[in-house]
file model-v9.cif (mmCIF, C-alpha atoms)
data_structure
loop_
_atom_site.label_atom_id
_atom_site.label_comp_id
_atom_site.auth_asym_id
_atom_site.auth_seq_id
_atom_site.Cartn_x
_atom_site.Cartn_y
_atom_site.Cartn_z
CA MET A 1 0.00 0.00 0.00
CA SER A 2 1.52 3.32 -1.10
CA GLN A 3 1.97 6.09 1.43
CA SER A 4 -0.07 9.26 1.13
CA PRO A 5 2.00 12.30 0.06
CA GLU A 6 3.14 14.64 2.80
CA ILE A 7 0.71 17.50 3.27
CA CYS A 8 2.00 20.86 2.05
CA ARG A 9 0.02 23.83 3.40
CA ILE A 10 0.12 26.75 0.98
CA ALA A 11 -1.05 30.23 1.98
CA MET A 12 -1.89 32.40 -1.03
CA VAL A 13 -2.45 35.94 0.23
CA LEU A 14 -5.34 38.08 -1.01
CA PHE A 15 -5.60 41.87 -0.86
CA PRO A 16 -7.84 44.35 -2.70
CA GLY A 17 -6.58 45.30 -6.16
CA LEU A 18 -4.41 42.25 -6.75
CA THR A 19 -4.03 41.02 -10.33
CA GLN A 20 -6.01 37.81 -10.56
CA LEU A 21 -3.68 35.94 -12.95
CA ASP A 22 -0.78 36.60 -10.56
CA LEU A 23 -2.73 34.37 -8.17
CA THR A 24 -4.82 32.03 -10.32
CA GLY A 25 -1.97 31.00 -12.64
CA PRO A 26 0.19 29.71 -9.77
CA TYR A 27 -2.93 28.34 -8.01
CA GLU A 28 -3.78 26.16 -11.00
CA ILE A 29 -0.30 24.60 -10.88
CA LEU A 30 0.34 24.41 -7.13
CA VAL A 31 -3.04 22.90 -6.27
CA ARG A 32 -2.20 19.94 -8.54
CA MET A 33 0.93 19.03 -6.55
CA PRO A 34 0.70 15.84 -4.45
CA GLY A 35 -0.39 16.66 -0.91
CA ALA A 36 -1.10 20.32 -1.64
CA GLU A 37 -3.60 22.08 0.60
CA VAL A 38 -4.08 25.58 -0.79
CA SER A 39 -5.76 28.31 1.24
CA LEU A 40 -6.68 31.81 0.08
CA VAL A 41 -5.71 33.91 3.09
CA SER A 42 -6.80 37.43 4.00
CA SER A 43 -7.39 39.58 7.07
CA THR A 44 -11.07 38.55 7.10
CA LEU A 45 -13.26 36.13 5.17
CA ASP A 46 -14.91 39.00 3.27
CA PRO A 47 -14.75 38.76 -0.55
CA VAL A 48 -11.81 40.54 -2.17
CA ARG A 49 -12.14 42.37 -5.49
CA THR A 50 -9.21 42.19 -7.91
CA ASP A 51 -7.93 45.06 -10.05
CA ARG A 52 -10.16 44.04 -12.98
CA GLY A 53 -13.27 43.30 -10.95
CA LEU A 54 -13.11 39.55 -10.36
CA VAL A 55 -14.22 38.72 -6.82
CA LEU A 56 -12.27 36.11 -4.85
CA THR A 57 -13.40 34.59 -1.56
CA PRO A 58 -10.84 33.88 1.18
CA ASP A 59 -11.15 30.60 3.04
CA ALA A 60 -8.74 31.40 5.89
CA THR A 61 -7.64 34.38 7.95
CA TYR A 62 -4.12 35.24 9.08
CA ASP A 63 -4.81 33.62 12.43
CA ASP A 64 -6.10 30.44 10.80
CA LEU A 65 -2.82 29.75 8.99
CA PRO A 66 0.06 31.47 10.83
CA ASP A 67 2.73 28.96 9.79
CA PRO A 68 2.25 27.75 6.19
CA ASP A 69 4.77 25.52 4.47
CA ILE A 70 4.67 27.83 1.44
CA LEU A 71 3.90 31.54 1.61
CA PHE A 72 2.80 33.07 -1.69
CA VAL A 73 2.06 36.73 -2.50
CA PRO A 74 0.63 38.02 -5.81
CA GLY A 75 1.06 41.54 -7.15
CA GLY A 76 -1.08 44.13 -8.88
CA PRO A 77 -1.88 47.82 -8.36
CA GLY A 78 -3.30 47.00 -4.93
CA GLN A 79 0.25 46.21 -3.85
CA LEU A 80 0.85 49.94 -3.33
CA PRO A 81 -1.69 50.49 -0.51
CA ALA A 82 -0.89 47.01 0.80
CA MET A 83 2.68 48.19 1.52
CA ASP A 84 1.20 50.22 4.41
CA ASP A 85 -1.23 47.52 5.58
CA ALA A 86 0.28 46.80 8.99
CA ALA A 87 -1.71 43.60 9.54
CA LEU A 88 -0.70 42.19 6.15
CA ILE A 89 2.99 43.04 6.57
CA ALA A 90 2.97 41.57 10.09
CA TYR A 91 1.44 38.37 8.71
CA LEU A 92 4.08 38.12 5.98
CA ARG A 93 6.83 38.50 8.58
CA ARG A 94 5.30 35.88 10.86
CA ALA A 95 4.45 33.39 8.12
CA GLY A 96 7.78 33.98 6.36
CA LYS A 97 9.71 32.90 9.47
CA ALA A 98 7.92 29.54 9.48
CA ALA A 99 7.62 28.88 5.74
CA LYS A 100 9.84 26.40 3.94
CA LEU A 101 9.38 28.46 0.77
CA ILE A 102 8.78 32.22 0.53
CA THR A 103 7.34 33.03 -2.89
CA SER A 104 5.70 35.67 -5.05
CA VAL A 105 4.76 36.69 -8.56
CA CYS A 106 4.87 40.19 -10.05
CA THR A 107 4.93 43.04 -7.51
CA GLY A 108 4.20 40.58 -4.74
CA SER A 109 7.96 40.53 -4.28
CA LEU A 110 7.83 44.19 -3.24
CA LEU A 111 5.49 43.20 -0.41
CA LEU A 112 7.82 40.40 0.66
CA ALA A 113 10.69 42.89 0.59
CA ALA A 114 8.68 45.45 2.58
CA ALA A 115 8.26 42.75 5.24
CA GLY A 116 12.04 42.33 5.37
CA LEU A 117 11.98 38.86 3.81
CA LEU A 118 14.10 39.61 0.72
CA THR A 119 17.01 41.56 2.23
CA GLY A 120 20.12 40.48 0.35
CA LYS A 121 18.12 37.95 -1.67
CA LYS A 122 18.03 37.71 -5.46
CA ALA A 123 14.51 38.33 -6.76
CA THR A 124 12.46 39.43 -9.73
CA CYS A 125 9.31 41.44 -10.34
CA HIS A 126 7.17 42.94 -13.12
CA TRP A 127 9.42 44.87 -15.52
CA LEU A 128 7.75 48.19 -14.72
CA ALA A 129 8.66 47.81 -11.03
CA HIS A 130 11.83 45.73 -11.22
CA ASP A 131 14.22 48.48 -10.09
CA GLN A 132 12.24 49.06 -6.91
CA LEU A 133 13.44 45.77 -5.45
CA ALA A 134 16.84 47.36 -4.78
CA LEU A 135 15.20 50.20 -2.85
CA LEU A 136 13.85 47.54 -0.47
CA GLY A 137 17.12 45.69 0.01
CA ALA A 138 16.67 42.88 -2.52
CA VAL A 139 18.99 42.08 -5.44
CA PRO A 140 17.07 42.49 -8.73
CA VAL A 141 17.63 39.78 -11.36
CA HIS A 142 16.18 39.97 -14.86
CA GLN A 143 14.80 36.44 -15.18
CA ARG A 144 11.31 35.02 -15.51
CA VAL A 145 11.73 32.96 -12.34
CA VAL A 146 14.48 33.51 -9.76
CA GLU A 147 15.50 31.10 -7.00
CA ASP A 148 17.66 32.09 -4.03
CA GLY A 149 17.63 29.54 -1.25
CA ASN A 150 14.09 29.20 0.02
CA VAL A 151 12.93 32.29 -1.90
CA ILE A 152 11.34 31.80 -5.34
CA THR A 153 9.96 34.82 -7.22
CA GLY A 154 8.29 35.16 -10.61
CA ALA A 155 8.23 38.15 -12.92
CA GLY A 156 5.00 39.67 -14.22
CA VAL A 157 1.54 38.09 -14.34
CA SER A 158 1.74 35.14 -16.78
CA SER A 159 5.14 34.11 -15.42
CA GLY A 160 3.21 32.73 -12.47
CA ILE A 161 2.59 29.53 -14.43
CA ASP A 162 6.32 29.07 -15.02
CA PHE A 163 6.87 29.92 -11.36
CA GLY A 164 4.41 27.25 -10.26
CA LEU A 165 6.14 24.61 -12.36
CA VAL A 166 9.51 25.56 -10.87
CA VAL A 167 8.06 25.08 -7.37
CA ALA A 168 6.51 21.75 -8.38
CA GLU A 169 9.84 20.51 -9.71
CA ARG A 170 11.71 21.76 -6.62
CA LEU A 171 9.38 19.81 -4.32
CA HIS A 172 8.44 16.76 -6.40
CA GLY A 173 10.90 16.41 -9.27
CA ALA A 174 10.78 16.94 -13.02
CA ARG A 175 8.34 14.09 -13.75
CA VAL A 176 5.60 15.53 -11.55
CA ALA A 177 6.16 19.04 -12.96
CA GLN A 178 5.92 17.64 -16.49
CA GLU A 179 2.68 15.82 -15.65
CA ILE A 180 1.16 19.01 -14.25
CA GLN A 181 2.30 21.02 -17.27
CA LEU A 182 0.66 18.56 -19.65
CA GLN A 183 -2.49 18.40 -17.54
CA ALA A 184 -2.72 22.17 -17.85
CA GLU A 185 -1.73 21.95 -21.55
CA TYR A 186 0.73 24.76 -20.94
CA ASP A 187 2.31 25.10 -24.37
CA PRO A 188 2.29 28.84 -25.07
CA SER A 189 2.32 30.02 -28.66
CA PRO A 190 1.25 33.68 -28.58
CA PRO A 191 0.28 35.53 -31.77
CA HIS A 192 3.08 38.06 -31.22
CA ASN A 193 6.56 37.48 -29.83
CA GLY A 194 6.39 40.56 -27.66
CA GLY A 195 5.69 39.36 -24.15
CA SER A 196 8.85 40.83 -22.63
CA VAL A 197 10.31 44.31 -22.61
CA ASP A 198 13.27 43.02 -24.64
CA LYS A 199 11.08 41.61 -27.41
CA ALA A 200 8.16 44.04 -27.67
CA PRO A 201 8.29 46.88 -30.24
CA PRO A 202 9.78 50.04 -28.69
CA ALA A 203 6.58 51.98 -29.34
CA VAL A 204 4.57 49.43 -27.34
CA VAL A 205 7.06 49.56 -24.47
CA GLU A 206 6.94 53.36 -24.43
CA THR A 207 3.12 53.38 -24.42
CA LEU A 208 3.03 51.14 -21.37
CA ARG A 209 5.76 53.13 -19.63
CA LYS A 210 3.70 56.31 -20.06
CA ARG A 211 0.49 54.58 -19.00
CA GLY A 212 2.11 53.28 -15.82
CA ALA A 213 4.18 56.38 -15.00
CA GLU A 214 1.97 57.74 -12.22
CA LEU A 215 1.70 54.40 -10.41
CA ARG A 216 5.41 53.83 -10.89
CA GLU A 217 6.32 57.13 -9.22
CA LYS A 218 4.07 56.32 -6.28
CA ARG A 219 5.63 52.88 -5.97
CA ILE A 220 9.14 54.34 -6.03
CA ALA A 221 8.21 56.81 -3.29
CA ALA A 222 6.72 54.05 -1.13
CA ALA A 223 9.67 51.71 -1.70
CA THR A 224 12.16 54.47 -0.89
CA ARG A 225 10.31 55.38 2.32
CA ILE A 226 9.89 51.79 3.50
CA GLY A 227 13.42 50.83 2.50
CA ALA A 228 14.78 53.70 4.57
CA ALA A 229 12.69 52.56 7.56
CA LEU A 230 14.10 49.05 7.15
CA GLY A 231 17.63 50.44 6.88
CA VAL A 232 18.15 48.86 3.47
CA GLY A 233 18.00 49.85 -0.17
CA GLY A 234 20.14 51.51 -2.77
CA PRO A 235 20.41 52.00 -6.53
CA ASP A 236 19.74 49.10 -8.90
#

call {"tool": "encode", "arguments": {"input": "model-v9.cif", "output": "structure tokens"}}
result
Amino acid sequence: MSQSPEICRIAMVLFPGLTQLDLTGPYEILVRMPGAEVSLVSSTLDPVRTDRGLVLTPDATYDDLPDPDILFVPGGPGQLPAMDDAALIAYLRRAGKAAKLITSVCTGSLLLAAAGLLTGKKATCHWLAHDQLALLGAVPVHQRVVEDGNVITGAGVSSGIDFGLVVAERLHGARVAQEIQLQAEYDPSPPHNGGSVDKAPPAVVETLRKRGAELREKRIAAATRIGAALGVGGPD
């Protein structure tokens, strides 16, 4: 009789204004791992609205899951006000001390850094916010998924699927990761080869830079302020 897989408790943090694919892409992969018990964690059990209007329902509070095996944080425009959410940052600090893996996708890494969990650690982020990692004491790396010890971070939005497969392989080996990838039929073939800042037409990059300029300046100000309070940070 085969043994049941060891239970792996995964806390995926919700906050208003998160980007849903930052969360649901990794969720779709991680929940398929043997023994995975995934909880959507927030300060209360009240529904949480994402940046594009999708409503997600938490199934655990911070007190319900104080010591997950894997801590995961998504990003999105709601990351900016979340940087000053004392209860959320306190939970990340507490859960991060206990977690075997500390993880994020997109600007979720800025929240991990604001909680002091990425100081001196290599990490990545969405390309529009990548340089802000250094302001919070992390070491920015331009890769889709970055591993540094027990910290695994993914770049922007869709990279969460790649991130999830990296975690699956770390914990269960290549065969399990390959099975999950095929189950999900993850075989991307986009109509345009422009999904990174290095590949997209310069005019497209410039349009998005201008569109995100106001949020970017606010994020830089917040990262600079919080980095100074943490006693970390510096130029990229």

call {"tool": "residues_around", "arguments": {"input": "model-v9.cif", "residues": "range 46-48 of chain A", "least_positions_apart": "6", "cutoff": "6 Å", "atoms": "all atoms listed in the file", "output": "list in words"}}
result
Pro16, Val55, Leu56 and Thr57 of chain A

call {"tool": "resolve_selection", "arguments": {"input": "model-v9.cif", "expression": "the PyMOL selection byres ((chain A and resi 58-67) around 9)", "output": "list in words"}}
result
Arg9, Ala11, Val13, Leu14, Ser39, Leu40, Val41, Ser42, Ser43, Thr44, Leu45, Asp46, Pro47, Val48, Leu56, Thr57, Pro68, Asp69, Ile70, Leu71, Ala87, Leu88, Tyr91, Arg94, Ala95, Gly96, Lys97, Ala98 and Ala99 of chain A

call {"tool": "axis_aligned_box", "arguments": {"input": "model-v9.cif", "around": "range 80-93 of chain A", "padding_each_side": "4 Å", "output": "AutoDock Vina command-line options"}}
result
--center_x 2.6 --center_y 44.3 --center_z 3.4 --size_x 16.5 --size_y 20.4 --size_z 21.4

call {"tool": "atom_distance", "arguments": {"input": "model-v9.cif", "atom1": "CA of Gln79 in chain A", "atom2": "CA of Ala114 in chain A"}}
result
10.6 Å

call {"tool": "atom_distance", "arguments": {"input": "model-v9.cif", "atom1": "CA of His130 in chain A", "atom2": "CA of Arg219 in chain A"}}
result
10.8 Å

call {"tool": "resolve_selection", "arguments": {"input": "model-v9.cif", "expression": "the PyMOL selection byres ((chain A and resi 108) around 8)", "output": "PyMOL selection string"}}
result
chain A and resi 73-76+79+104-107+109-112+125

call {"tool": "residues_around", "arguments": {"input": "model-v9.cif", "residues": "range 205-209 of chain A", "least_positions_apart": "3", "cutoff": "12 Å", "atoms": "all atoms listed in the file", "output": "NGL selection string"}}
result
:A and (127-129 or 194-202 or 212-217)

call {"tool": "atom_distance", "arguments": {"input": "model-v9.cif", "atom1": "CA of Thr19 in chain A", "atom2": "CA of Lys218 in chain A"}}
result
17.8 Å

call {"tool": "residues_around", "arguments": {"input": "model-v9.cif", "residues": "Arg225 in chain A", "least_positions_apart": "2", "cutoff": "12 Å", "atoms": "only C-alpha atoms", "output": "JSON, numbers by chain"}}
result
{"A": [83, 84, 114, 132, 135, 136, 218, 219, 220, 221, 222, 223, 227, 228, 229, 230, 231, 232, 233, 234]}

call {"tool": "resolve_selection", "arguments": {"input": "model-v9.cif", "expression": "the PyMOL selection byres ((chain A and resi 17) around 7)", "output": "list in words"}}
result
Phe15, Pro16, Leu18, Thr19, Arg49, Thr50, Asp51, Gly76, Pro77 and Gly78 of chain A

call {"tool": "residues_around", "arguments": {"input": "model-v9.cif", "residues": "Ile29 in chain A", "least_positions_apart": "4", "cutoff": "7 Å", "atoms": "only C-alpha atoms", "output": "list in words"}}
result
Gly25, Ile161, Gly164, Leu165 and Ile180 of chain A

call {"tool": "write_last_selection", "arguments": {"input": "model-v9.cif", "atoms": "C-alpha atoms", "output": "CSV table (one decimal), in the coordinates of the input"}}
result
chain,number,residue,atom,x,y,z
A,25,GLY,CA,-2.0,31.0,-12.6
A,161,ILE,CA,2.6,29.5,-14.4
A,164,GLY,CA,4.4,27.2,-10.3
A,165,LEU,CA,6.1,24.6,-12.4
A,180,ILE,CA,1.2,19.0,-14.2
